[in-house]
file data.cif (mmCIF, C-alpha atoms)
data_coords
loop_
_atom_site.label_atom_id
_atom_site.label_comp_id
_atom_site.auth_asym_id
_atom_site.auth_seq_id
_atom_site.Cartn_x
_atom_site.Cartn_y
_atom_site.Cartn_z
CA MET A 1 43.49 4.18 -20.07
CA GLU A 2 45.47 0.93 -19.63
CA ARG A 3 43.47 -2.30 -19.39
CA LYS A 4 45.13 -2.95 -16.01
CA THR A 5 43.82 0.38 -14.67
CA LEU A 6 40.39 -0.14 -16.19
CA ARG A 7 40.12 -3.54 -14.52
CA ARG A 8 41.21 -2.03 -11.19
CA TRP A 9 38.54 0.66 -11.44
CA ASN A 10 35.97 -1.92 -12.53
CA ASN A 11 36.70 -4.11 -9.54
CA ALA A 12 36.90 -1.19 -7.10
CA ILE A 13 33.52 0.17 -8.23
CA HIS A 14 31.97 -3.30 -8.02
CA ARG A 15 33.44 -3.89 -4.57
CA ASP A 16 32.54 -0.52 -3.06
CA LEU A 17 29.03 -0.31 -4.51
CA GLY A 18 28.48 -3.88 -3.34
CA TYR A 19 29.49 -2.98 0.21
CA PHE A 20 27.62 0.33 0.28
CA PHE A 21 24.34 -1.09 -1.01
CA PHE A 22 24.52 -4.41 0.84
CA GLY A 23 21.73 -3.32 3.19
CA MET A 24 19.45 -2.07 0.42
CA THR A 25 19.93 -5.32 -1.49
CA ILE A 26 18.87 -7.38 1.51
CA ILE A 27 15.87 -5.08 2.08
CA TYR A 28 14.68 -5.22 -1.52
CA ALA A 29 15.38 -8.94 -1.89
CA LEU A 30 13.44 -10.00 1.21
CA SER A 31 10.54 -7.61 0.66
CA GLY A 32 10.58 -8.55 -3.02
CA ILE A 33 9.96 -12.20 -2.11
CA ILE A 34 7.12 -11.21 0.20
CA LEU A 35 5.49 -8.84 -2.31
CA ASN A 36 5.99 -11.34 -5.13
CA HIS A 37 4.09 -14.04 -3.28
CA PHE A 38 1.50 -11.57 -2.02
CA LYS A 39 0.74 -10.52 -5.60
CA SER A 40 0.58 -14.18 -6.62
CA GLY A 41 -2.13 -14.67 -4.01
CA ASP A 42 -0.09 -16.96 -1.76
CA PHE A 43 -1.08 -14.92 1.25
CA VAL A 44 -3.54 -12.25 2.20
CA HIS A 45 -1.40 -9.36 3.40
CA PRO A 46 2.27 -8.46 2.92
CA ASP A 47 2.67 -6.84 6.36
CA PHE A 48 0.62 -9.19 8.54
CA SER A 49 0.19 -12.92 8.75
CA LYS A 50 -3.50 -13.67 9.27
CA LYS A 51 -5.41 -16.64 10.65
CA TYR A 52 -9.09 -17.27 10.22
CA GLU A 53 -11.42 -19.35 12.35
CA GLN A 54 -15.08 -20.06 11.76
CA LEU A 55 -17.34 -20.28 14.78
CA THR A 56 -20.92 -19.79 15.91
CA VAL A 57 -21.97 -17.19 18.48
CA ALA A 58 -25.21 -16.36 20.25
CA LEU A 59 -27.43 -13.79 18.55
CA PRO A 60 -28.11 -10.53 20.41
CA ALA A 61 -31.16 -10.22 22.64
CA ASN A 62 -33.92 -8.14 21.00
CA ALA A 63 -31.78 -8.07 17.85
CA VAL A 64 -29.81 -5.14 19.24
CA ALA A 65 -26.11 -5.42 18.37
CA ASP A 66 -24.50 -2.87 20.69
CA LYS A 67 -21.27 -2.56 22.65
CA ALA A 68 -22.51 -4.88 25.40
CA TYR A 69 -23.24 -7.55 22.80
CA ALA A 70 -19.84 -6.98 21.16
CA LEU A 71 -18.06 -7.48 24.48
CA ARG A 72 -20.07 -10.64 25.24
CA VAL A 73 -19.13 -12.12 21.88
CA LEU A 74 -15.48 -11.17 22.31
CA LYS A 75 -15.46 -12.92 25.68
CA GLN A 76 -16.23 -16.13 23.84
CA VAL A 77 -12.90 -15.80 21.99
CA HIS A 78 -11.04 -14.41 25.05
CA GLU A 79 -10.46 -11.00 23.46
CA GLU A 80 -12.81 -8.82 25.54
CA LYS A 81 -9.88 -6.99 27.16
CA HIS A 82 -8.59 -5.95 23.71
CA PHE A 83 -11.84 -4.41 22.42
CA LYS A 84 -11.42 -1.37 20.17
CA SER A 85 -14.71 -0.60 18.45
CA PHE A 86 -17.47 -2.07 16.28
CA ILE A 87 -19.36 -1.25 13.11
CA THR A 88 -22.82 -2.46 12.20
CA GLY A 89 -24.08 -3.08 8.70
CA ASN A 90 -26.96 -4.74 6.95
CA GLY A 91 -27.37 -7.96 8.93
CA TYR A 92 -23.89 -8.02 10.44
CA ILE A 93 -21.63 -6.57 13.10
CA ASP A 94 -17.87 -6.26 12.71
CA ILE A 95 -16.11 -6.10 16.08
CA PHE A 96 -12.52 -4.82 16.15
CA PHE A 97 -9.94 -5.66 18.78
CA ASN A 98 -6.15 -5.27 18.95
CA ASN A 99 -4.67 -7.34 16.13
CA GLY A 100 -7.93 -8.80 14.93
CA SER A 101 -11.62 -8.63 14.26
CA LEU A 102 -14.74 -10.75 14.62
CA TYR A 103 -17.35 -10.58 11.90
CA VAL A 104 -20.76 -11.87 12.98
CA ASP A 105 -23.62 -12.64 10.63
CA LEU A 106 -26.62 -11.53 12.66
CA THR A 107 -29.03 -13.66 10.67
CA ASN A 108 -27.59 -16.99 11.77
CA GLY A 109 -24.86 -16.37 14.36
CA LYS A 110 -22.08 -17.60 12.11
CA ALA A 111 -18.87 -15.70 12.78
CA GLU A 112 -15.38 -15.41 11.35
CA LEU A 113 -12.51 -14.59 13.68
CA GLU A 114 -9.49 -12.93 12.05
CA THR A 115 -6.28 -12.66 14.08
CA LYS A 116 -3.20 -11.01 12.65
CA THR A 117 0.46 -10.90 13.61
CA PRO A 118 2.67 -8.13 12.24
CA ARG A 119 5.61 -9.28 10.15
CA TYR A 120 8.06 -7.13 12.14
CA ILE A 121 11.05 -5.79 10.19
CA LEU A 122 9.59 -7.14 6.93
CA LYS A 123 6.81 -4.55 7.30
CA GLU A 124 9.41 -1.81 7.35
CA PHE A 125 11.22 -3.38 4.39
CA ASN A 126 7.93 -3.38 2.47
CA LEU A 127 7.44 0.30 3.36
CA LEU A 128 10.77 1.11 1.71
CA HIS A 129 10.14 -1.17 -1.25
CA TYR A 130 6.80 0.54 -1.97
CA ASN A 131 8.55 3.90 -1.53
CA SER A 132 5.72 4.95 0.77
CA ILE A 133 8.07 7.43 2.49
CA LYS A 134 8.76 9.31 -0.77
CA LYS A 135 10.77 12.52 -0.24
CA GLY A 136 14.54 11.97 -0.22
CA PHE A 137 14.20 8.21 -0.28
CA THR A 138 13.05 8.45 -3.91
CA TRP A 139 16.49 9.80 -4.82
CA PHE A 140 18.33 7.28 -2.68
CA SER A 141 16.44 4.37 -4.20
CA ASP A 142 17.04 5.81 -7.70
CA ALA A 143 20.74 5.86 -6.83
CA TYR A 144 20.44 2.24 -5.71
CA ALA A 145 18.85 1.34 -9.04
CA VAL A 146 21.72 3.01 -10.91
CA ALA A 147 24.17 1.20 -8.65
CA MET A 148 22.50 -2.11 -9.51
CA VAL A 149 23.04 -1.40 -13.20
CA LEU A 150 26.70 -0.58 -12.49
CA LEU A 151 27.06 -3.71 -10.36
CA ALA A 152 25.62 -5.81 -13.15
CA ILE A 153 27.91 -4.31 -15.79
CA THR A 154 31.08 -4.32 -13.69
CA GLY A 155 30.28 -7.86 -12.54
CA LEU A 156 30.65 -9.07 -16.14
CA PHE A 157 34.31 -8.06 -16.16
CA ILE A 158 35.56 -9.15 -12.75
CA LEU A 159 37.07 -12.43 -13.86
CA ARG A 160 39.45 -13.05 -16.72
CA GLY A 161 39.71 -15.95 -19.17
CA ARG A 162 37.17 -18.75 -19.85
CA ASN A 163 35.34 -18.21 -16.55
CA GLY A 164 34.88 -14.51 -17.37
CA ILE A 165 32.80 -12.77 -20.01
CA LYS A 166 34.60 -14.54 -22.87
CA TRP A 167 32.82 -17.86 -22.39
CA ARG A 168 31.11 -18.92 -19.15
CA GLY A 169 29.96 -15.38 -18.31
CA ALA A 170 28.58 -14.77 -21.80
CA VAL A 171 26.59 -18.04 -21.78
CA LEU A 172 25.09 -17.51 -18.34
CA ALA A 173 24.27 -13.83 -19.07
CA LEU A 174 22.54 -14.81 -22.29
CA ILE A 175 20.46 -17.51 -20.57
CA GLY A 176 19.55 -14.96 -17.89
CA ILE A 177 18.21 -12.60 -20.56
CA ILE A 178 16.43 -15.29 -22.63
CA ILE A 179 14.36 -16.59 -19.70
CA PRO A 180 12.49 -13.33 -18.92
CA ALA A 181 12.24 -12.60 -22.66
CA LEU A 182 10.47 -15.93 -23.23
CA ILE A 183 8.17 -15.26 -20.28
CA ILE A 184 7.20 -11.92 -21.81
CA ILE A 185 6.70 -13.43 -25.26
CA PHE A 186 4.52 -16.31 -24.08
CA TYR A 187 2.64 -14.83 -21.14
CA ALA A 188 2.39 -11.08 -21.60
CA MET B 1 43.17 9.82 -2.36
CA ILE B 2 40.43 10.50 -4.91
CA LYS B 3 38.83 7.13 -4.14
CA LYS B 4 38.80 7.93 -0.39
CA LEU B 5 37.26 11.35 -1.00
CA PHE B 6 34.64 9.79 -3.27
CA LEU B 7 33.74 7.23 -0.62
CA PHE B 8 33.30 10.00 1.94
CA ILE B 9 31.41 12.45 -0.28
CA LEU B 10 28.94 9.96 -1.76
CA PRO B 11 27.04 9.07 1.45
CA CYS B 12 27.07 12.76 2.50
CA VAL B 13 25.33 13.69 -0.75
CA PHE B 14 22.61 11.11 -0.15
CA ILE B 15 22.06 12.15 3.45
CA ALA B 16 21.81 15.79 2.39
CA ALA B 17 19.34 14.88 -0.34
CA SER B 18 17.14 13.06 2.17
CA CYS B 19 16.74 16.09 4.37
CA ASN B 20 13.98 18.65 3.84
CA GLN B 21 12.66 17.08 0.71
CA GLY B 22 9.13 16.86 -0.48
CA PRO B 23 6.58 19.39 -1.61
CA LYS B 24 5.72 22.23 0.74
CA VAL B 25 2.23 21.80 2.16
CA ALA B 26 0.05 24.89 1.88
CA GLU B 27 -0.53 26.41 5.28
CA THR B 28 -4.09 26.17 6.48
CA THR B 29 -5.62 28.51 9.00
CA LYS B 30 -8.20 27.58 11.61
CA ALA B 31 -10.63 29.94 9.89
CA ASP B 32 -10.33 28.07 6.58
CA THR B 33 -10.78 24.58 7.98
CA VAL B 34 -14.24 23.06 7.92
CA THR B 35 -15.21 20.37 10.43
CA MET B 36 -17.17 17.60 8.77
CA ALA B 37 -18.94 14.49 10.01
CA VAL B 38 -18.91 11.08 8.36
CA LYS B 39 -22.71 10.81 8.45
CA SER B 40 -23.23 14.09 6.57
CA PHE B 41 -20.09 13.84 4.40
CA ILE B 42 -21.79 13.01 1.12
CA ASP B 43 -24.41 15.75 1.52
CA SER B 44 -21.93 18.51 2.30
CA ALA B 45 -18.75 17.47 0.46
CA GLY B 46 -19.64 19.27 -2.78
CA LYS B 47 -19.40 22.66 -1.04
CA HIS B 48 -15.84 22.17 0.23
CA VAL B 49 -13.84 20.77 -2.69
CA GLU B 50 -10.13 21.70 -2.47
CA LYS B 51 -10.66 23.16 1.01
CA PRO B 52 -9.01 21.98 4.23
CA VAL B 53 -11.34 19.84 6.34
CA ARG B 54 -11.28 18.07 9.69
CA ILE B 55 -13.09 14.80 10.27
CA GLU B 56 -13.27 12.03 12.86
CA GLY B 57 -14.24 8.42 12.32
CA THR B 58 -13.46 4.75 12.90
CA VAL B 59 -11.05 3.13 10.47
CA LEU B 60 -12.98 0.42 8.69
CA HIS B 61 -10.44 -0.65 6.09
CA THR B 62 -6.93 0.13 4.90
CA CYS B 63 -5.59 -0.69 1.47
CA LYS B 64 -3.25 -3.68 1.63
CA HIS B 65 -1.39 -2.56 -1.51
CA GLY B 66 0.94 -0.09 0.14
CA GLY B 67 -1.54 1.36 2.65
CA LYS B 68 -2.23 4.38 0.43
CA ARG B 69 -5.87 4.72 1.39
CA MET B 70 -8.23 4.01 4.24
CA PHE B 71 -11.95 4.26 4.82
CA LEU B 72 -13.63 5.87 7.81
CA ALA B 73 -17.07 5.01 9.14
CA ASP B 74 -19.09 6.19 12.12
CA GLY B 75 -21.12 3.53 13.84
CA SER B 76 -22.43 1.89 10.68
CA ASP B 77 -21.10 1.19 7.21
CA SER B 78 -23.93 3.04 5.44
CA ILE B 79 -21.58 5.94 4.70
CA THR B 80 -17.82 5.60 4.44
CA VAL B 81 -15.26 8.30 3.72
CA GLU B 82 -12.21 7.54 1.61
CA VAL B 83 -8.95 9.01 2.85
CA THR B 84 -5.73 8.94 0.84
CA THR B 85 -2.17 9.57 1.96
CA GLY B 86 -0.82 13.07 1.38
CA ALA B 87 2.84 14.01 0.94
CA ASN B 88 3.51 13.87 4.70
CA ILE B 89 2.04 10.44 5.39
CA ALA B 90 3.89 7.29 4.37
CA LYS B 91 1.00 4.85 4.71
CA PHE B 92 -2.06 3.86 6.73
CA ASP B 93 -1.05 0.79 8.67
CA GLU B 94 -3.43 -2.15 8.95
CA SER B 95 -3.18 -1.87 12.74
CA LEU B 96 -5.32 1.32 12.46
CA ILE B 97 -8.38 -0.78 11.63
CA GLY B 98 -10.93 -0.39 14.39
CA SER B 99 -9.23 2.72 15.82
CA ARG B 100 -10.95 6.08 16.04
CA VAL B 101 -8.92 8.76 14.26
CA LYS B 102 -9.08 12.51 13.86
CA LEU B 103 -7.56 13.91 10.71
CA LEU B 104 -6.87 17.08 8.82
CA GLY B 105 -6.84 17.00 5.05
CA VAL B 106 -7.93 18.52 1.77
CA LEU B 107 -11.24 17.48 0.24
CA LYS B 108 -10.85 16.14 -3.30
CA GLU B 109 -13.39 15.41 -5.98
CA GLU B 110 -13.08 12.73 -8.62
CA ARG B 111 -15.45 13.12 -11.53
CA VAL B 112 -16.54 9.98 -13.28
CA ASP B 113 -18.06 10.42 -16.69
CA ALA B 114 -18.84 8.08 -19.56
CA LYS B 115 -15.32 8.46 -20.98
CA TYR B 116 -13.76 7.49 -17.61
CA LEU B 117 -15.97 4.40 -17.42
CA ASN B 118 -15.14 3.37 -20.97
CA GLU B 119 -11.40 3.73 -20.36
CA TRP B 120 -11.65 1.84 -17.05
CA GLU B 121 -13.61 -0.95 -18.75
CA ALA B 122 -11.00 -1.22 -21.49
CA GLN B 123 -8.23 -1.37 -18.87
CA VAL B 124 -10.04 -4.10 -16.90
CA LYS B 125 -10.53 -6.17 -20.02
CA LYS B 126 -6.86 -5.74 -20.86
CA ASP B 127 -5.35 -6.45 -17.48
CA ALA B 128 -7.32 -7.63 -14.42
CA ALA B 129 -4.42 -7.24 -12.00
CA ASP B 130 -4.06 -3.43 -11.96
CA HIS B 131 -5.06 -2.13 -8.51
CA THR B 132 -4.35 1.50 -9.27
CA THR B 133 -7.18 2.21 -11.70
CA GLY B 134 -10.83 2.58 -10.93
CA LEU B 135 -12.79 3.49 -7.84
CA HIS B 136 -11.98 1.96 -4.49
CA THR B 137 -14.60 0.97 -1.96
CA ALA B 138 -14.49 -0.19 1.63
CA THR B 139 -16.50 -3.34 1.00
CA LYS B 140 -14.96 -6.58 2.21
CA GLY B 141 -12.90 -8.26 -0.47
CA HIS B 142 -13.06 -5.42 -2.99
CA GLU B 143 -9.28 -5.58 -3.47
CA ASP B 144 -9.59 -9.21 -4.49
CA GLN B 145 -12.47 -8.77 -6.87
CA GLY B 146 -11.93 -10.21 -10.30
CA ALA B 147 -12.64 -8.74 -13.71
CA LYS B 148 -16.30 -9.82 -13.66
CA GLU B 149 -17.05 -8.02 -10.38
CA THR B 150 -15.24 -4.90 -11.58
CA LEU B 151 -17.20 -4.90 -14.83
CA ASP B 152 -20.41 -5.25 -12.82
CA GLN B 153 -19.31 -2.24 -10.76
CA ILE B 154 -18.67 -0.25 -13.95
CA ASN B 155 -22.10 -1.13 -15.36
CA SER B 156 -23.72 -0.16 -12.06
CA LEU B 157 -21.98 3.22 -12.25
CA ARG B 158 -23.23 3.63 -15.82
CA ASP B 159 -26.79 3.11 -14.54
CA ASP B 160 -26.19 5.66 -11.75
CA LEU B 161 -24.84 8.13 -14.29
CA LYS B 162 -27.89 7.70 -16.48
CA LYS B 163 -30.28 8.10 -13.53
CA SER B 164 -28.47 11.23 -12.28
CA GLY B 165 -29.28 13.11 -15.46
CA LYS B 166 -25.85 14.75 -15.30
CA ASN B 167 -22.77 14.15 -17.45
CA HIS B 168 -20.69 13.01 -14.47
CA LEU B 169 -20.84 11.44 -11.04
CA SER B 170 -18.82 12.98 -8.22
CA PHE B 171 -16.87 10.93 -5.71
CA TYR B 172 -15.28 12.73 -2.80
CA SER B 173 -12.28 11.79 -0.73
CA ILE B 174 -9.90 13.48 1.67
CA GLU B 175 -6.18 13.72 1.03
CA ALA B 176 -4.77 13.57 4.55
CA ILE B 177 -2.24 16.12 5.78
CA SER B 178 -2.02 14.70 9.29
CA PHE B 179 -3.94 12.38 11.57
CA SER B 180 -3.92 11.15 15.14
CA VAL B 181 -5.40 8.12 16.87
CA LEU B 182 -7.90 8.97 19.60
CA LYS B 183 -7.66 6.95 22.80
#

call {"tool": "encode", "arguments": {"input": "data.cif", "output": "structure tokens"}}
result
Amino acid sequence: MERKTLRRWNNAIHRDLGYFFFGMTIIYALSGIILNHFKSGDFVHPDFSKKYEQLTVALPANAVADKAYALRVLKQVHEEKHFKSFITGNGYIDIFFNNGSLYVDLTNGKAELETKTPRYILKEFNLLHYNSIKKGFTWFSDAYAVAMVLLAITGLFILRGRNGIKWRGAVLALIGIIIPALIIIFYA
Amino acid sequence: MIKKLFLFILPCVFIAASCNQGPKVAETTKADTVTMAVKSFIDSAGKHVEKPVRIEGTVLHTCKHGGKRMFLADGSDSITVEVTTGANIAKFDESLIGSRVKLLGVLKEERVDAKYLNEWEAQVKKDAADHTTGLHTATKGHEDQGAKETLDQINSLRDDLKKSGKNHLSFYSIEAISFSVLK
């Protein structure tokens, strides 16, 4: 095949795959940042942002932690209308309400209020990134992975001359390979 | 012309591939399905391994690494039932925590013997960040426990294994087929 035709095909594949998988790239990039920082311990949950508040609450009368007690304690944090359920354990009660929970230490009345806000849209992106849906999406995301490889390879040959793979491209590509290689060598 | 055809055919192939995929779930009949209770789960689970079961409980915890498992309790945390996602369930969302759910699933048994514990210990010592190995619990903060806590858990299981007098410990869970939130 002529070089002119090869270059045309190279650029057409790069262009069309780039357009077609634009959405997937945004999804994986944004959820990748979230999951990256979640795994680094920068925040507690990838799908919800959580706030914690320490407080002190009254202990239950007759040491009976029941629904009435749970509702009284929730009233203190203005969440009594959002009550869901509660669980008791050894010396504690965990009271659940919509988008949060209140954990009370029944030995001393110290409590921790957890409120959470869903990271809308990013939650759905994370669902796709984890491939929780499975089924046909496994194939589609495999196709995306193959497309990424093709995008990477075709991207090397878009430009001609010094700014292409002959000089600038080769240097930058090599640096881009050396960095993760060094990370593996020194930290893995 | 070929390029235009290619651009049209490619998305059609992917859409077709997305439809009707996934393993076929074995049909369960009402006669086969056993109704279990959280409080008596541990006592009766051994009789129903690989059988379809129904159970109801309050969601105590969902796994934050992809929502692949959740734990049910009933009133207290003395007994919790582990539930994992089956082929038809994408994940257990964190918003389920505190909700009462009814589910249908298949009861599974995981056998933990000395070899399992040794391999788990070796894995923990090699890499503390792997959340897929080992046994999961519903206790607060278990997903954040470090290598030391996990090794303590392994040693505790070794003691339990010794005391049991058997060559393995059995841990039961339910692989969910479907579930619904009760109002």

call {"tool": "resolve_selection", "arguments": {"input": "data.cif", "expression": "the PyMOL selection byres ((chain A and resi 151) around 10)", "output": "VMD selection string"}}
result
chain A and resid 10 to 11 13 to 18 145 to 150 152 to 156

call {"tool": "resolve_selection", "arguments": {"input": "data.cif", "expression": "the PyMOL selection byres ((chain A) within 9 of (chain B))", "output": "JSON, numbers by chain"}}
result
{"A": [16, 20, 39, 44, 45, 46, 47, 48, 84, 85, 86, 87, 88, 89, 90, 93, 95, 96, 97, 98, 99, 100, 101, 118, 126, 127, 130, 131, 132, 133, 134, 135, 136, 137, 138, 139, 140, 143]}

call {"tool": "resolve_selection", "arguments": {"input": "data.cif", "expression": "the PyMOL selection byres ((chain B and resi 177) around 12)", "output": "PyMOL selection string"}}
result
chain B and resi 23-28+51-55+83-91+102-107+174-176+178-180

call {"tool": "write_last_selection", "arguments": {"input": "data.cif", "atoms": "C-alpha atoms", "output": "PDB file, keeping the file's coordinate frame"}}
result
ATOM      1  CA  PRO B  23       6.580  19.390  -1.610  1.00  0.00           C
ATOM      2  CA  LYS B  24       5.720  22.230   0.740  1.00  0.00           C
ATOM      3  CA  VAL B  25       2.230  21.800   2.160  1.00  0.00           C
ATOM      4  CA  ALA B  26       0.050  24.890   1.880  1.00  0.00           C
ATOM      5  CA  GLU B  27      -0.530  26.410   5.280  1.00  0.00           C
ATOM      6  CA  THR B  28      -4.090  26.170   6.480  1.00  0.00           C
ATOM      7  CA  LYS B  51     -10.660  23.160   1.010  1.00  0.00           C
ATOM      8  CA  PRO B  52      -9.010  21.980   4.230  1.00  0.00           C
ATOM      9  CA  VAL B  53     -11.340  19.840   6.340  1.00  0.00           C
ATOM     10  CA  ARG B  54     -11.280  18.070   9.690  1.00  0.00           C
ATOM     11  CA  ILE B  55     -13.090  14.800  10.270  1.00  0.00           C
ATOM     12  CA  VAL B  83      -8.950   9.010   2.850  1.00  0.00           C
ATOM     13  CA  THR B  84      -5.730   8.940   0.840  1.00  0.00           C
ATOM     14  CA  THR B  85      -2.170   9.570   1.960  1.00  0.00           C
ATOM     15  CA  GLY B  86      -0.820  13.070   1.380  1.00  0.00           C
ATOM     16  CA  ALA B  87       2.840  14.010   0.940  1.00  0.00           C
ATOM     17  CA  ASN B  88       3.510  13.870   4.700  1.00  0.00           C
ATOM     18  CA  ILE B  89       2.040  10.440   5.390  1.00  0.00           C
ATOM     19  CA  ALA B  90       3.890   7.290   4.370  1.00  0.00           C
ATOM     20  CA  LYS B  91       1.000   4.850   4.710  1.00  0.00           C
ATOM     21  CA  LYS B 102      -9.080  12.510  13.860  1.00  0.00           C
ATOM     22  CA  LEU B 103      -7.560  13.910  10.710  1.00  0.00           C
ATOM     23  CA  LEU B 104      -6.870  17.080   8.820  1.00  0.00           C
ATOM     24  CA  GLY B 105      -6.840  17.000   5.050  1.00  0.00           C
ATOM     25  CA  VAL B 106      -7.930  18.520   1.770  1.00  0.00           C
ATOM     26  CA  LEU B 107     -11.240  17.480   0.240  1.00  0.00           C
ATOM     27  CA  ILE B 174      -9.900  13.480   1.670  1.00  0.00           C
ATOM     28  CA  GLU B 175      -6.180  13.720   1.030  1.00  0.00           C
ATOM     29  CA  ALA B 176      -4.770  13.570   4.550  1.00  0.00           C
ATOM     30  CA  SER B 178      -2.020  14.700   9.290  1.00  0.00           C
ATOM     31  CA  PHE B 179      -3.940  12.380  11.570  1.00  0.00           C
ATOM     32  CA  SER B 180      -3.920  11.150  15.140  1.00  0.00           C
TER      33      SER B 180
END

call {"tool": "atom_distance", "arguments": {"input": "data.cif", "atom1": "CA of Ala61 in chain A", "atom2": "CA of His61 in chain B"}}
result
28.2 Å

call {"tool": "atom_distance", "arguments": {"input": "data.cif", "atom1": "CA of Arg72 in chain A", "atom2": "CA of Asp94 in chain A"}}
result
13.5 Å

call {"tool": "closest_residue", "arguments": {"input": "data.cif", "among": "A:Leu182, A:Val77, A:Ala65, A:Leu71", "to": "Leu106 in chain A", "atoms": "all atoms listed in the file"}}
result
A:Ala65

call {"tool": "closest_residue", "arguments": {"input": "data.cif", "among": "B:Leu169, B:Val124, B:Ile154, B:Leu72", "to": "Glu110 in chain B", "atoms": "all atoms listed in the file"}}
result
B:Leu169

call {"tool": "atom_distance", "arguments": {"input": "data.cif", "atom1": "CA of Phe83 in chain A", "atom2": "CA of Leu113 in chain A"}}
result
13.4 Å

call {"tool": "residues_around", "arguments": {"input": "data.cif", "residues": "Val64 in chain A", "least_positions_apart": "2", "cutoff": "12 Å", "atoms": "only C-alpha atoms", "output": "number ranges by chain"}}
result
A: 59-62, 66-70, 88, 91-93, 106

call {"tool": "write_last_selection", "arguments": {"input": "data.cif", "atoms": "C-alpha atoms", "output": "PDB file, keeping the file's coordinate frame"}}
result
ATOM      1  CA  LEU A  59     -27.430 -13.790  18.550  1.00  0.00           C
ATOM      2  CA  PRO A  60     -28.110 -10.530  20.410  1.00  0.00           C
ATOM      3  CA  ALA A  61     -31.160 -10.220  22.640  1.00  0.00           C
ATOM      4  CA  ASN A  62     -33.920  -8.140  21.000  1.00  0.00           C
ATOM      5  CA  ASP A  66     -24.500  -2.870  20.690  1.00  0.00           C
ATOM      6  CA  LYS A  67     -21.270  -2.560  22.650  1.00  0.00           C
ATOM      7  CA  ALA A  68     -22.510  -4.880  25.400  1.00  0.00           C
ATOM      8  CA  TYR A  69     -23.240  -7.550  22.800  1.00  0.00           C
ATOM      9  CA  ALA A  70     -19.840  -6.980  21.160  1.00  0.00           C
ATOM     10  CA  THR A  88     -22.820  -2.460  12.200  1.00  0.00           C
ATOM     11  CA  GLY A  91     -27.370  -7.960   8.930  1.00  0.00           C
ATOM     12  CA  TYR A  92     -23.890  -8.020  10.440  1.00  0.00           C
ATOM     13  CA  ILE A  93     -21.630  -6.570  13.100  1.00  0.00           C
ATOM     14  CA  LEU A 106     -26.620 -11.530  12.660  1.00  0.00           C
TER      15      LEU A 106
END

call {"tool": "closest_residue", "arguments": {"input": "data.cif", "among": "B:Ser156, B:Thr80, B:Asn118, B:Thr62", "to": "Phe41 in chain B", "atoms": "only C-alpha atoms"}}
result
B:Thr80

call {"tool": "decode", "arguments": {"input": "data.cif", "residues": "range 99-110 of chain B", "atoms": "N, CA and C atoms", "output": "mmCIF file, in the first residue's frame"}}
result
data_model
loop_
_atom_site.group_PDB
_atom_site.id
_atom_site.type_symbol
_atom_site.label_atom_id
_atom_site.label_comp_id
_atom_site.auth_asym_id
_atom_site.auth_seq_id
_atom_site.Cartn_x
_atom_site.Cartn_y
_atom_site.Cartn_z
ATOM 1 N N SER B 99 -31.599 -0.313 55.257
ATOM 2 C CA SER B 99 -32.871 -0.726 54.663
ATOM 3 C C SER B 99 -33.126 -2.203 54.948
ATOM 4 N N ARG B 100 -34.395 -2.549 55.023
ATOM 5 C CA ARG B 100 -34.762 -3.958 55.199
ATOM 6 C C ARG B 100 -34.979 -4.524 53.800
ATOM 7 N N VAL B 101 -34.324 -5.647 53.507
ATOM 8 C CA VAL B 101 -34.421 -6.239 52.176
ATOM 9 C C VAL B 101 -34.867 -7.684 52.273
ATOM 10 N N LYS B 102 -35.498 -8.117 51.176
ATOM 11 C CA LYS B 102 -35.886 -9.524 51.040
ATOM 12 C C LYS B 102 -35.142 -10.016 49.806
ATOM 13 N N LEU B 103 -34.478 -11.149 49.911
ATOM 14 C CA LEU B 103 -33.749 -11.595 48.732
ATOM 15 C C LEU B 103 -33.873 -13.091 48.479
ATOM 16 N N LEU B 104 -33.617 -13.414 47.228
ATOM 17 C CA LEU B 104 -33.597 -14.807 46.789
ATOM 18 C C LEU B 104 -32.189 -15.078 46.299
ATOM 19 N N GLY B 105 -31.619 -16.188 46.714
ATOM 20 C CA GLY B 105 -30.256 -16.478 46.269
ATOM 21 C C GLY B 105 -29.918 -17.941 46.438
ATOM 22 N N VAL B 106 -28.658 -18.255 46.194
ATOM 23 C CA VAL B 106 -28.172 -19.622 46.341
ATOM 24 C C VAL B 106 -27.173 -19.661 47.492
ATOM 25 N N LEU B 107 -27.351 -20.601 48.398
ATOM 26 C CA LEU B 107 -26.472 -20.668 49.565
ATOM 27 C C LEU B 107 -25.143 -21.308 49.173
ATOM 28 N N LYS B 108 -24.067 -20.622 49.508
ATOM 29 C CA LYS B 108 -22.719 -21.089 49.156
ATOM 30 C C LYS B 108 -21.918 -21.382 50.407
ATOM 31 N N GLU B 109 -20.998 -22.313 50.274
ATOM 32 C CA GLU B 109 -20.128 -22.640 51.406
ATOM 33 C C GLU B 109 -18.685 -22.379 50.986
ATOM 34 N N GLU B 110 -17.939 -21.717 51.855
ATOM 35 C CA GLU B 110 -16.506 -21.586 51.630
ATOM 36 C C GLU B 110 -15.805 -22.356 52.734
#
